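Shown here: my_file_30.cif, mmCIF, C-alpha atoms and all ligand atoms.
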data_query
#
loop_
_atom_site.label_atom_id
_atom_site.label_comp_id
_atom_site.auth_asym_id
_atom_site.auth_seq_id
_atom_site.Cartn_x
_atom_site.Cartn_y
_atom_site.Cartn_z
CA MET A 272 -12.09 20.06 -28.42
CA ASN A 273 -14.58 17.21 -28.44
CA GLU A 274 -17.72 16.39 -26.57
CA ILE A 275 -17.36 12.91 -25.18
CA LYS A 276 -19.48 10.47 -23.18
CA ILE A 277 -17.71 8.63 -20.37
CA GLU A 278 -18.40 4.90 -20.74
CA LYS A 279 -16.46 3.40 -17.80
CA MET A 280 -13.40 3.85 -15.60
CA ASP A 281 -9.87 2.55 -16.04
CA HIS A 282 -7.61 0.93 -13.40
CA GLN A 283 -6.17 4.34 -12.47
CA GLY A 284 -9.54 5.90 -11.64
CA ARG A 285 -9.78 7.83 -14.94
CA GLY A 286 -12.88 8.05 -17.10
CA ILE A 287 -12.78 6.28 -20.47
CA GLY A 288 -14.50 7.62 -23.58
CA TYR A 289 -14.04 7.24 -27.34
CA VAL A 290 -13.39 9.91 -29.99
CA ASN A 291 -13.74 8.51 -33.52
CA GLY A 292 -13.17 5.05 -32.06
CA LYS A 293 -9.93 6.06 -30.30
CA VAL A 294 -9.81 5.45 -26.55
CA THR A 295 -9.41 8.59 -24.43
CA PHE A 296 -8.52 8.68 -20.71
CA ILE A 297 -9.87 11.62 -18.69
CA LYS A 298 -9.22 12.39 -15.02
CA ASN A 299 -12.12 13.55 -12.84
CA ALA A 300 -14.78 12.16 -15.19
CA LEU A 301 -17.36 9.56 -14.18
CA PRO A 302 -19.33 6.97 -16.16
CA GLY A 303 -22.49 8.49 -17.68
CA GLU A 304 -21.05 12.03 -17.71
CA ILE A 305 -20.74 14.07 -20.90
CA VAL A 306 -17.75 16.42 -20.97
CA LEU A 307 -16.02 18.80 -23.29
CA GLU A 308 -12.41 17.70 -23.33
CA LYS A 309 -9.00 19.06 -24.34
CA ILE A 310 -6.36 16.55 -25.48
CA VAL A 311 -3.12 16.87 -23.47
CA LYS A 312 -1.34 13.81 -24.87
CA GLU A 313 -1.90 11.89 -28.08
CA THR A 314 -0.33 8.61 -29.17
CA LYS A 315 -1.13 6.21 -32.02
CA ASN A 316 -3.37 4.06 -29.83
CA TYR A 317 -4.85 6.39 -27.20
CA SER A 318 -5.30 9.99 -26.02
CA VAL A 319 -5.18 11.58 -22.58
CA ALA A 320 -7.49 14.55 -22.08
CA GLU A 321 -8.63 17.07 -19.47
CA VAL A 322 -12.18 18.20 -18.78
CA VAL A 323 -12.86 21.74 -20.00
CA GLU A 324 -16.57 21.74 -19.18
CA TYR A 325 -19.11 19.29 -17.78
CA LYS A 326 -22.12 19.13 -20.14
CA LYS A 327 -23.86 16.52 -18.02
CA LYS A 328 -22.79 15.60 -14.50
CA ASN A 329 -23.56 12.35 -12.78
CA HIS A 330 -26.01 12.57 -9.89
CA TYR A 331 -23.59 10.75 -7.60
CA ARG A 332 -20.63 13.07 -8.28
CA MET A 333 -19.22 14.47 -5.03
CA GLU A 334 -17.53 17.78 -4.32
CA PRO A 335 -13.85 16.84 -3.67
CA PHE A 336 -12.84 17.64 -0.09
CA CYS A 337 -9.21 18.46 -0.90
CA PRO A 338 -8.26 21.84 -2.43
CA TYR A 339 -5.50 20.13 -4.41
CA PHE A 340 -7.70 17.43 -5.93
CA ALA A 341 -7.14 16.96 -9.67
CA ILE A 342 -3.83 18.88 -9.45
CA CYS A 343 -1.79 16.78 -7.03
CA GLY A 344 -1.10 13.21 -8.07
CA GLY A 345 -2.32 11.68 -4.77
CA CYS A 346 -5.97 10.78 -4.20
CA ASP A 347 -7.91 10.40 -7.42
CA LEU A 348 -11.38 9.21 -6.31
CA GLU A 349 -12.55 12.13 -4.18
CA HIS A 350 -15.23 12.98 -6.75
CA MET A 351 -17.01 9.72 -5.87
CA ARG A 352 -19.17 8.67 -2.92
CA TYR A 353 -17.17 6.46 -0.58
CA GLU A 354 -19.41 3.42 -1.21
CA ASP A 355 -18.94 3.90 -4.97
CA THR A 356 -15.16 3.90 -4.59
CA LEU A 357 -15.47 0.48 -2.94
CA ASN A 358 -17.68 -0.86 -5.74
CA TYR A 359 -15.22 0.53 -8.28
CA LYS A 360 -12.32 -1.26 -6.56
CA LYS A 361 -14.24 -4.53 -6.29
CA GLU A 362 -15.20 -4.45 -9.98
CA LYS A 363 -11.67 -3.51 -10.94
CA VAL A 364 -10.21 -6.56 -9.14
CA GLU A 365 -12.97 -8.78 -10.61
CA ASN A 366 -12.15 -7.53 -14.12
CA ILE A 367 -8.42 -7.99 -13.70
CA LEU A 368 -8.82 -11.55 -12.35
CA THR A 369 -11.35 -12.44 -15.06
CA LYS A 370 -9.01 -11.17 -17.77
CA GLU A 371 -6.31 -13.54 -16.44
CA LYS A 372 -8.90 -16.37 -16.51
CA ILE A 373 -8.64 -16.86 -12.73
CA ILE A 374 -11.54 -18.69 -11.09
CA PHE A 375 -12.32 -16.85 -7.87
CA PRO A 376 -15.01 -16.87 -5.16
CA SER A 377 -17.16 -13.79 -4.58
CA ILE A 378 -14.98 -10.90 -3.40
CA GLU A 379 -15.47 -9.73 0.20
CA VAL A 380 -14.87 -6.04 0.96
CA ILE A 381 -13.35 -4.66 4.16
CA GLU A 382 -14.14 -0.98 4.29
CA ASN A 383 -12.36 1.80 6.14
CA PRO A 384 -14.71 3.25 8.80
CA SER A 385 -12.79 6.56 8.70
CA PRO A 386 -11.63 7.00 5.11
CA LYS A 387 -10.02 10.42 5.80
CA HIS A 388 -7.00 11.17 8.02
CA TYR A 389 -5.86 7.56 7.97
CA ARG A 390 -2.34 7.72 6.46
CA ASN A 391 0.52 7.38 8.95
CA LYS A 392 3.19 8.33 6.40
CA LEU A 393 3.55 11.22 3.95
CA SER A 394 6.44 11.67 1.51
CA LEU A 395 6.93 15.23 0.29
CA LYS A 396 9.26 17.12 -2.04
CA ILE A 397 10.90 20.46 -1.27
CA GLU A 398 11.78 23.02 -3.95
CA ASN A 399 12.51 26.73 -3.47
CA ASN A 400 11.49 26.41 0.19
CA LYS A 401 8.08 25.11 -0.86
CA ILE A 402 6.89 21.76 0.50
CA GLY A 403 4.41 19.63 -1.42
CA PHE A 404 3.72 16.93 -3.97
CA TYR A 405 4.53 16.73 -7.64
CA GLU A 406 1.61 17.39 -9.96
CA SER A 407 0.47 14.09 -11.49
CA SER A 408 2.78 12.86 -14.29
CA SER A 409 5.06 15.90 -13.96
CA HIS A 410 7.84 17.42 -11.87
CA THR A 411 5.94 20.60 -11.07
CA LEU A 412 5.67 21.02 -7.32
CA ILE A 413 2.29 21.85 -5.78
CA GLU A 414 2.78 23.45 -2.38
CA ILE A 415 0.46 21.90 0.17
CA LYS A 416 -0.56 23.12 3.61
CA THR A 417 -2.54 20.04 4.61
CA CYS A 418 -3.46 16.58 3.33
CA PRO A 419 -6.95 15.28 4.16
CA LEU A 420 -5.79 11.67 3.90
CA ALA A 421 -2.97 12.11 6.44
CA LYS A 422 -3.35 11.72 10.19
CA GLU A 423 -3.85 14.98 12.10
CA SER A 424 -0.45 14.58 13.79
CA ILE A 425 1.16 14.61 10.32
CA ASN A 426 -0.74 17.73 9.26
CA ILE A 427 0.30 19.52 12.46
CA CYS A 428 3.92 18.60 11.73
CA LEU A 429 3.57 19.70 8.10
CA LYS A 430 2.80 23.25 9.32
CA GLU A 431 5.97 23.30 11.41
CA LEU A 432 8.32 21.94 8.72
CA LYS A 433 9.10 25.38 7.27
CA THR A 434 11.21 26.13 10.35
CA LEU A 435 13.78 23.60 9.08
CA GLN A 436 14.55 26.12 6.28
CA ILE A 437 15.29 23.50 3.65
CA LYS A 438 15.33 24.88 0.09
CA LYS A 439 15.59 21.65 -1.87
CA GLY A 440 15.27 17.98 -1.00
CA SER A 441 12.66 15.55 0.25
CA ILE A 442 11.06 14.77 3.56
CA THR A 443 8.99 11.88 4.87
CA ILE A 444 6.82 12.29 7.96
CA ARG A 445 5.91 9.07 9.79
CA SER A 446 3.55 8.97 12.75
CA ASN A 447 2.74 6.06 15.09
CA TYR A 448 -0.21 4.94 17.28
CA ASN A 449 0.85 7.50 19.91
CA ASP A 450 1.14 10.37 17.38
CA GLU A 451 4.91 10.42 17.77
CA ILE A 452 6.74 11.69 14.70
CA LEU A 453 9.84 10.51 12.85
CA LEU A 454 11.25 12.84 10.17
CA ILE A 455 13.33 11.36 7.37
CA ILE A 456 15.11 14.06 5.36
CA LYS A 457 17.25 13.96 2.23
CA THR A 458 19.04 17.19 1.34
CA ASN A 459 22.54 18.55 0.74
CA GLU A 460 21.80 21.53 2.98
CA LYS A 461 22.28 22.19 6.68
CA VAL A 462 19.09 21.52 8.63
CA HIS A 463 18.09 24.01 11.34
CA PHE A 464 16.24 21.95 13.92
CA SER A 465 15.34 23.21 17.33
CA LYS A 466 12.78 21.68 19.69
CA GLU A 467 11.24 25.12 20.28
CA THR A 468 10.15 25.47 16.66
CA PHE A 469 8.26 22.17 16.77
CA LEU A 470 6.00 23.09 19.66
CA GLU A 471 3.00 21.01 18.70
CA SER A 472 4.59 17.91 17.13
CA LYS A 473 5.91 15.05 19.25
CA ILE A 474 9.18 14.60 17.32
CA VAL A 475 11.01 11.49 18.56
CA GLY A 476 13.68 11.39 15.88
CA ILE A 477 15.15 13.08 12.81
CA VAL A 478 17.20 11.15 10.27
CA LEU A 479 19.16 13.26 7.78
CA ASN A 480 20.67 11.39 4.81
CA ASP A 481 20.52 8.13 6.84
CA LYS A 482 22.22 9.68 9.94
CA THR A 483 20.29 10.34 13.14
CA ILE A 484 20.63 14.06 13.96
CA TYR A 485 18.05 14.16 16.73
CA GLY A 486 16.54 11.57 19.08
CA GLN A 487 16.21 8.07 17.64
CA ASN A 488 15.88 6.52 14.16
CA PHE A 489 12.83 4.36 15.00
CA PHE A 490 9.55 4.33 16.86
CA TYR A 491 7.18 1.69 18.15
CA GLU A 492 3.81 0.72 16.71
CA ARG A 493 1.26 -0.95 18.97
CA MET A 494 -1.45 -3.07 17.34
CA ASN A 495 -3.70 -6.02 18.26
CA GLY A 496 -1.84 -6.44 21.56
CA PHE A 497 1.60 -6.56 19.87
CA LEU A 498 4.43 -4.02 20.01
CA PHE A 499 6.60 -3.51 16.91
CA LYS A 500 9.82 -1.57 16.59
CA VAL A 501 9.85 0.18 13.19
CA SER A 502 13.09 1.73 11.92
CA TYR A 503 13.00 4.85 9.76
CA ASP A 504 13.65 2.84 6.58
CA ALA A 505 11.53 -0.23 7.43
CA PHE A 506 8.12 -0.78 5.87
CA PHE A 507 4.93 -0.52 7.90
CA GLN A 508 1.40 -0.55 6.44
CA VAL A 509 0.01 3.01 6.09
CA ASN A 510 -3.49 2.49 7.49
CA SER A 511 -3.79 1.28 11.10
CA TYR A 512 -7.45 0.19 11.06
CA ILE A 513 -7.08 -1.93 7.92
CA THR A 514 -3.74 -3.32 9.12
CA SER A 515 -5.39 -4.45 12.33
CA LYS A 516 -8.03 -6.30 10.24
CA MET A 517 -5.29 -7.83 8.12
CA PHE A 518 -3.56 -9.10 11.28
CA GLN A 519 -6.85 -10.70 12.43
CA LEU A 520 -7.28 -12.41 9.07
CA VAL A 521 -3.75 -13.79 9.17
CA SER A 522 -4.27 -15.08 12.70
CA GLU A 523 -7.61 -16.75 11.77
CA ASN A 524 -6.06 -18.53 8.79
CA ILE A 525 -2.93 -19.94 10.43
CA LYS A 526 -3.14 -23.62 11.26
CA ASN A 527 -2.07 -24.76 14.72
CA ASN A 528 1.40 -26.27 14.94
CA SER A 529 2.26 -25.51 11.31
CA VAL A 530 5.66 -24.54 9.90
CA VAL A 531 5.21 -21.14 8.24
CA LEU A 532 7.30 -19.15 5.77
CA ASP A 533 6.76 -15.35 5.93
CA LEU A 534 8.22 -13.92 2.73
CA PHE A 535 8.77 -10.14 2.42
CA SER A 536 8.35 -9.90 6.18
CA GLY A 537 9.21 -6.24 6.93
CA VAL A 538 9.64 -5.81 10.70
CA GLY A 539 8.11 -9.26 11.18
CA THR A 540 4.47 -8.31 11.88
CA LEU A 541 2.63 -11.12 10.08
CA GLY A 542 5.11 -13.83 11.09
CA ILE A 543 4.94 -12.75 14.74
CA ILE A 544 1.15 -12.93 14.66
CA ALA A 545 1.31 -16.34 12.96
CA SER A 546 3.84 -17.61 15.51
CA LYS A 547 1.22 -17.61 18.27
CA LYS A 548 -0.43 -20.60 16.55
CA ALA A 549 2.40 -21.99 14.43
CA LYS A 550 5.19 -24.32 15.50
CA LYS A 551 7.87 -22.31 13.70
CA VAL A 552 8.01 -19.23 11.47
CA TYR A 553 10.86 -18.37 9.09
CA SER A 554 10.76 -14.67 8.01
CA ILE A 555 12.72 -13.33 5.05
CA GLU A 556 13.26 -9.62 4.34
CA ILE A 557 15.80 -7.65 2.30
CA VAL A 558 16.07 -4.42 4.39
CA GLN A 559 18.65 -4.92 7.14
CA ASN A 560 17.11 -2.56 9.70
CA ALA A 561 13.72 -4.25 9.26
CA VAL A 562 15.31 -7.65 10.00
CA LEU A 563 17.05 -6.21 13.10
CA ASP A 564 13.66 -4.78 14.18
CA ASN A 565 12.16 -8.26 13.72
CA VAL A 566 14.87 -9.74 15.98
CA GLU A 567 13.84 -7.27 18.68
CA ASN A 568 10.12 -7.64 17.97
CA LYS A 569 10.15 -11.41 18.36
CA LYS A 570 11.75 -10.97 21.81
CA VAL A 571 9.38 -8.20 22.94
CA ASN A 572 6.37 -10.23 21.82
CA GLN A 573 7.79 -13.48 23.24
CA CYS A 574 7.93 -15.42 19.99
CA GLU A 575 11.03 -17.58 20.28
CA ASN A 576 9.73 -19.71 17.39
CA VAL A 577 10.31 -16.88 14.83
CA PHE A 578 13.53 -17.04 12.79
CA PRO A 579 14.28 -13.74 10.98
CA MET A 580 16.57 -13.99 7.94
CA LEU A 581 18.16 -11.22 5.87
CA GLY A 582 18.24 -11.50 2.09
CA ASP A 583 16.42 -11.59 -1.19
CA ALA A 584 13.22 -13.65 -0.88
CA PHE A 585 14.02 -16.28 -3.49
CA ASN A 586 17.77 -16.59 -2.87
CA THR A 587 17.26 -17.05 0.87
CA ILE A 588 14.52 -19.71 0.81
CA SER A 589 17.00 -22.37 -0.28
CA LYS A 590 18.96 -21.90 2.98
CA ILE A 591 16.01 -23.33 4.94
CA LYS A 592 16.15 -27.10 5.06
CA GLU A 593 12.68 -27.66 6.53
CA SER A 594 9.51 -27.85 4.41
CA PHE A 595 6.58 -25.48 5.03
CA ASP A 596 2.92 -26.17 5.74
CA MET A 597 1.87 -22.57 5.03
CA ILE A 598 3.37 -19.63 3.17
CA LEU A 599 2.58 -15.96 3.82
CA ILE A 600 3.54 -13.60 1.01
CA ASP A 601 3.26 -9.82 0.99
CA PRO A 602 5.50 -8.62 -1.84
CA PRO A 603 6.09 -5.08 -3.15
CA ARG A 604 4.01 -3.81 -6.11
CA SER A 605 6.12 -5.81 -8.58
CA GLY A 606 4.73 -9.07 -7.12
CA LEU A 607 6.59 -12.39 -7.21
CA SER A 608 9.39 -13.42 -9.51
CA LYS A 609 8.77 -16.41 -11.77
CA ALA A 610 11.25 -18.41 -9.70
CA THR A 611 9.40 -17.63 -6.46
CA CYS A 612 6.08 -18.74 -8.01
CA GLU A 613 7.77 -21.98 -9.15
CA PHE A 614 9.10 -22.49 -5.63
CA LEU A 615 5.59 -22.14 -4.19
CA LEU A 616 4.26 -24.69 -6.67
CA GLU A 617 6.98 -27.20 -5.84
CA SER A 618 6.81 -26.63 -2.06
CA ASN A 619 4.90 -28.79 0.39
CA ALA A 620 2.74 -25.85 1.48
CA GLN A 621 -0.94 -26.73 1.72
CA GLU A 622 -1.99 -23.09 2.07
CA VAL A 623 -0.73 -19.78 0.81
CA LEU A 624 -1.94 -16.40 2.10
CA TYR A 625 -1.11 -13.81 -0.56
CA ILE A 626 -1.42 -10.12 0.38
CA SER A 627 -0.99 -7.73 -2.52
CA CYS A 628 -1.03 -3.97 -3.12
CA ASN A 629 -1.17 -4.41 -6.91
CA PRO A 630 -4.02 -6.45 -8.43
CA LEU A 631 -2.26 -6.63 -11.81
CA THR A 632 0.77 -8.50 -10.48
CA LEU A 633 -1.47 -10.50 -8.11
CA ALA A 634 -3.51 -11.72 -11.10
CA ARG A 635 -0.36 -12.52 -13.08
CA ASP A 636 1.05 -14.58 -10.17
CA LEU A 637 -2.30 -16.29 -9.54
CA GLY A 638 -2.24 -17.34 -13.19
CA VAL A 639 0.76 -19.52 -12.25
CA LEU A 640 -0.22 -20.48 -8.70
CA THR A 641 -3.74 -21.65 -9.57
CA THR A 642 -2.28 -24.50 -11.62
CA LYS A 643 -1.78 -26.25 -8.26
CA TYR A 644 -3.74 -24.10 -5.79
CA GLU A 645 -7.41 -23.21 -5.59
CA LEU A 646 -8.61 -19.73 -4.56
CA LYS A 647 -10.64 -20.30 -1.41
CA ARG A 648 -11.19 -16.70 -0.28
CA CYS A 649 -10.72 -13.36 -1.93
CA LEU A 650 -10.95 -10.05 -0.06
CA ILE A 651 -10.18 -6.45 -0.82
CA MET A 652 -9.22 -4.15 2.05
CA ASP A 653 -9.59 -0.40 1.67
CA MET A 654 -6.07 0.42 2.81
CA PHE A 655 -5.77 3.43 0.46
CA SER A 656 -9.20 5.10 0.68
CA TYR A 657 -10.14 7.70 -1.96
CA THR A 658 -7.27 6.57 -4.21
CA HIS A 659 -7.47 4.02 -7.04
CA HIS A 660 -5.06 1.74 -5.13
CA VAL A 661 -6.36 -1.44 -3.58
CA GLU A 662 -5.02 -4.03 -1.16
CA SER A 663 -6.08 -7.64 -1.73
CA PHE A 664 -5.91 -10.67 0.54
CA VAL A 665 -6.36 -14.12 -0.97
CA VAL A 666 -6.36 -17.56 0.60
CA LEU A 667 -5.06 -20.35 -1.63
CA GLU A 668 -5.44 -24.03 -0.82
CA ARG A 669 -3.57 -26.80 -2.59
CA LYS A 670 -5.88 -28.68 -4.98
CA LYS A 671 -6.92 -32.14 -3.73
CA GLU A 672 -5.26 -33.99 -6.61
CA GLU A 673 -2.01 -32.07 -5.98
CA ARG A 674 -2.02 -32.99 -2.28
CA SER A 675 -1.84 -36.70 -2.93
CA SER A 676 0.99 -36.26 -5.42
CA ILE A 677 3.14 -34.62 -2.69
CA SER A 678 2.64 -37.09 0.15
C1 LIG B 1 4.48 -4.79 1.21
S1 LIG B 1 5.85 -4.87 2.29
C2 LIG B 1 5.30 -6.09 3.44
C3 LIG B 1 5.98 -6.09 4.78
C4 LIG B 1 5.30 -6.86 5.90
N1 LIG B 1 4.76 -8.11 5.47
C5 LIG B 1 4.26 -6.01 6.58
O1 LIG B 1 3.06 -6.28 6.40
O2 LIG B 1 4.62 -5.07 7.28
C6 LIG B 1 7.03 -5.66 1.29
C7 LIG B 1 8.36 -5.91 1.98
O3 LIG B 1 9.18 -6.65 1.05
C8 LIG B 1 10.53 -6.21 1.21
N2 LIG B 1 11.23 -6.63 -0.03
C9 LIG B 1 11.26 -6.02 -1.24
N3 LIG B 1 11.94 -6.75 -2.13
C10 LIG B 1 12.37 -7.87 -1.49
C11 LIG B 1 13.12 -9.02 -1.88
N4 LIG B 1 13.57 -9.15 -3.12
N5 LIG B 1 13.33 -9.98 -0.97
C12 LIG B 1 12.88 -9.86 0.30
N6 LIG B 1 12.18 -8.78 0.75
C13 LIG B 1 11.92 -7.80 -0.14
C14 LIG B 1 10.40 -4.73 1.44
O4 LIG B 1 11.54 -4.20 2.05
C15 LIG B 1 9.15 -4.67 2.34
O5 LIG B 1 9.51 -4.74 3.70
#

Output the file's structure as structure tokens, nothing else.
Ligand SMILES: C[S@@+](CC[C@H](N)C(=O)[O-])C[C@H]1O[C@@H](n2cnc3c(N)ncnc32)[C@H](O)[C@@H]1O
Amino acid sequence: MNEIKIEKMDHQGRGIGYVNGKVTFIKNALPGEIVLEKIVKETKNYSVAEVVEYKKKNHYRMEPFCPYFAICGGCDLEHMRYEDTLNYKKEKVENILTKEKIIFPSIEVIENPSPKHYRNKLSLKIENNKIGFYESSSHTLIEIKTCPLAKESINICLKELKTLQIKKGSITIRSNYNDEILLIIKTNEKVHFSKETFLESKIVGIVLNDKTIYGQNFFYERMNGFLFKVSYDAFFQVNSYITSKMFQLVSENIKNNSVVLDLFSGVGTLGIIASKKAKKVYSIEIVQNAVLDNVENKKVNQCENVFPMLGDAFNTISKIKESFDMILIDPPRSGLSKATCEFLLESNAQEVLYISCNPLTLARDLGVLTTKYELKRCLIMDMFSYTHHVESFVVLERKKEERSSIS
């Protein structure tokens, strides 16, 4: 065991210290703290350790509000004050962008006014009748009775899940603006559902191994005056307050009468919002049900100028013969492929709005995109409060010299 001083934090919210010059990552340890640590993993280049004893605690350390903190792999910043988690995220994005040599304006921060009970989706594992999360970096299940980051309607449902009598499998609970619940279950077992055993939860549908066994396989989300159908397997952002802010930002940045491409469009949210100012919006998404939801959503929200398309982002763009004035991109954590970045560079688009849930891939892609685009605005949105994850929103404008070369 070694005594070690925590110098800074890494991108995953862990403390970083050095033992004989070797970097050591320690969960639940803050800069300035001195801890006695036990190595749990050692490689040639680094060690991973656990705190055995705090010799000196930081004055801004907080008592974690979740009983499973430091065991479950979910929220990893509960030992910090909320404002410090925001500063940590801002500095983290600044460091990542700087390392990629990206020139960026000062980062604006959109905070979450209620950083607990915000998640509208919880994915859980079931083993030996126990429902919970895997311990971080392991397959040991931690049974959980409640999750302080999840909406109350999800926690109420979590209490009633036992009545399904599933021994092994997985279950996702999704809840909408009206606290309605969709259950998505994967198991090889028979599921014992009866309405009487879910007295408190407003279950609107249960999907077992992709088949609807009760009610419907979708619900509706209502946000910023829009109504969105969301199928059980379609993506929707997990935090309603921050999503509503994101929608406002998209709306503010769309130019009147523009032709917009919405890549990775999910159920069509951003494209539908953009369509109220744009001339035309082409949306591309790979999940079939999400595209079918978009077809319905454009009708419900009276956006005849939205054109939903099914397919892989890059392979489908070439089917559109029109050129774009603006491009909206909101990819999964892996970011954009090289080919998609090249397409953006060669397109006519004067502006790109890039929304990202992974600053590492955002920075990598910006490394390519900033050869022809300039970063005009850079925001982080606290979509995933009390976790090390961060959502970014950047506005890119084509460089002046590049504009003339296109026209
Ligand atoms: C972060 S979500 C964004 C969805 C939407 N913009 C929203 O805000 O609700 C990323 C979306 O990309 C889709 N996706 C993943 N890989 C894709 C690909 N290769 N081509 C097109 N869509 C893809 C996912 O199904 C998901 O709906």

**Request:** Let me have all residues with an atom within 10 Å of ligand LIG 1 (chain B), counting all atoms listed in the file, laid out as a PyMOL selection string.
**Result:** chain A and resi 499+501+504-509+514+517-518+533-542+554-562+580-588+599-608+626-629+662

**Asked** Quick one, how far is atom CA of A:Gln283 from atom CA of A:Asp347?
**Response** 8.1 Å

**7 Å contact set for A:Leu453, all atoms listed in the file, chain neighbours under 4 positions out, as an MDAnalysis selection string** = chainID A and resid 444:446 474:477

**Item:** Atom pair atom CA of A:Val571 / atom CA of A:Ile455: separation (Å)
**Value:** 25.3 Å

**Asked** Do you know which residues lie at most 7 Å from (-17.0, 12.7, -19.3), with coordinates as in the file and only C-alpha atoms counted, and could you write them as a PyMOL selection string?
**Response** chain A and resi 275-277+286+300-302+304-306

**Request:** List the neighbours of A:Arg674 out to 10 Å using all atoms listed in the file; skip same-chain residues closer than 3 positions along the sequence, and give me the result as number ranges by chain.
**Result:** A: 619-621, 643-644, 668-671, 677-678

Taking C-alpha atoms for each residue, export the selection above as a tab-separated table (two decimals), in the coordinates of the input.
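Ended up saving to out-v8.tsv:
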chain	number	residue	atom	x	y	z
A	619	ASN	CA	4.90	-28.79	0.39
A	620	ALA	CA	2.74	-25.85	1.48
A	621	GLN	CA	-0.94	-26.73	1.72
A	643	LYS	CA	-1.78	-26.25	-8.26
A	644	TYR	CA	-3.74	-24.10	-5.79
A	668	GLU	CA	-5.44	-24.03	-0.82
A	669	ARG	CA	-3.57	-26.80	-2.59
A	670	LYS	CA	-5.88	-28.68	-4.98
A	671	LYS	CA	-6.92	-32.14	-3.73
A	677	ILE	CA	3.14	-34.62	-2.69
A	678	SER	CA	2.64	-37.09	0.15

**Request:** Considering all atoms listed in the file, state which residue in the set A:Asn316, A:Ser441, A:Glu406, A:Arg390 is at the smallest distance from A:Ser424.
**Result:**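 The closest residue to A:Ser424 is A:Arg390.
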
**Asked** Taking (12.7, 21.9, 7.2) in the file's coordinates as the center, which residues reach within 12 Å of it, counting all atoms listed in the file, put as number ranges by chain?
**Response** A: 395-402, 428-444, 454-458, 460-465, 468-469, 477, 479

**Nearest residue to A:Cys337 from the set A:Asn510, A:Asn366, A:Thr417, A:Ser656 (distances using all atoms listed in the file)** = A:Thr417

Got a sec: who's within 12 Å of A:Val364, counting only C-alpha atoms, leaving out chain neighbours fewer than 5 positions off, as a CSV table (one decimal) with C-alpha atoms, keeping the file's coordinate frame?
chain,number,residue,atom,x,y,z
A,281,ASP,CA,-9.9,2.6,-16.0
A,282,HIS,CA,-7.6,0.9,-13.4
A,357,LEU,CA,-15.5,0.5,-2.9
A,358,ASN,CA,-17.7,-0.9,-5.7
A,359,TYR,CA,-15.2,0.5,-8.3
A,369,THR,CA,-11.4,-12.4,-15.1
A,370,LYS,CA,-9.0,-11.2,-17.8
A,371,GLU,CA,-6.3,-13.5,-16.4
A,373,ILE,CA,-8.6,-16.9,-12.7
A,375,PHE,CA,-12.3,-16.8,-7.9
A,377,SER,CA,-17.2,-13.8,-4.6
A,378,ILE,CA,-15.0,-10.9,-3.4
A,379,GLU,CA,-15.5,-9.7,0.2
A,380,VAL,CA,-14.9,-6.0,1.0
A,627,SER,CA,-1.0,-7.7,-2.5
A,628,CYS,CA,-1.0,-4.0,-3.1
A,629,ASN,CA,-1.2,-4.4,-6.9
A,630,PRO,CA,-4.0,-6.4,-8.4
A,631,LEU,CA,-2.3,-6.6,-11.8
A,632,THR,CA,0.8,-8.5,-10.5
A,633,LEU,CA,-1.5,-10.5,-8.1
A,634,ALA,CA,-3.5,-11.7,-11.1
A,649,CYS,CA,-10.7,-13.4,-1.9
A,650,LEU,CA,-11.0,-10.0,-0.1
A,651,ILE,CA,-10.2,-6.4,-0.8
A,652,MET,CA,-9.2,-4.2,2.0
A,659,HIS,CA,-7.5,4.0,-7.0
A,660,HIS,CA,-5.1,1.7,-5.1
A,661,VAL,CA,-6.4,-1.4,-3.6
A,662,GLU,CA,-5.0,-4.0,-1.2
A,663,SER,CA,-6.1,-7.6,-1.7
A,664,PHE,CA,-5.9,-10.7,0.5
A,665,VAL,CA,-6.4,-14.1,-1.0

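In this structure, atom CA of A:Glu308 sits 22.7 Å away from atom CA of A:Thr658.
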
**Message:** Give me, as a PyMOL selection string, all polymer residues having an atom no more than 9 Å from A:Cys418, counting only C-alpha atoms and skipping those fewer than 5 positions away in the same chain.
**Reply:** chain A and resi 337+339+388+393+423+425-426

**Shortest interatomic distance to A:Ile413 - which of A:Ile374, A:Leu348, A:Leu640, A:Ala341, counting only C-alpha atoms** =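 Under the stated criterion, the closest residue is A:Ala341.
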
Report, as JSON, the axis-aligned box around all atoms of stretch 476-481 of chain A present in the file, extended by 5 Å on each side; give centre and edge lengths in Å to one decimal place.
{"center_x": 17.2, "center_y": 10.7, "center_z": 10.3, "size_x": 17.0, "size_y": 15.1, "size_z": 21.1}

**Prompt:** Given the choices A:Lys609, A:Arg493, A:Lys363, A:Arg352, which gets closest to A:Lys279 if the distance is worked out from all atoms listed in the file?
**Reply:** A:Lys363

**Request:** Name the closest residue to A:Ser409 among the candidates A:Thr295, A:Cys343, A:Tyr389, A:Glu274; distances are taken between atoms, counting only C-alpha atoms.
**Result:** A:Cys343

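Residue nearest A:Ala320, chosen from A:Asn273, A:Glu349, A:Lys360, A:Glu673 and counting all atoms listed in the file: A:Asn273.
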
**Prompt:** Counting only C-alpha atoms, what is within 12 Å of A:Lys592, bar same-chain residues fewer than 5 positions away, as a list in words?
**Reply:**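 In the requested form, the answer reads Val530, Leu532, Tyr553, Thr587 and Ser618 of chain A.
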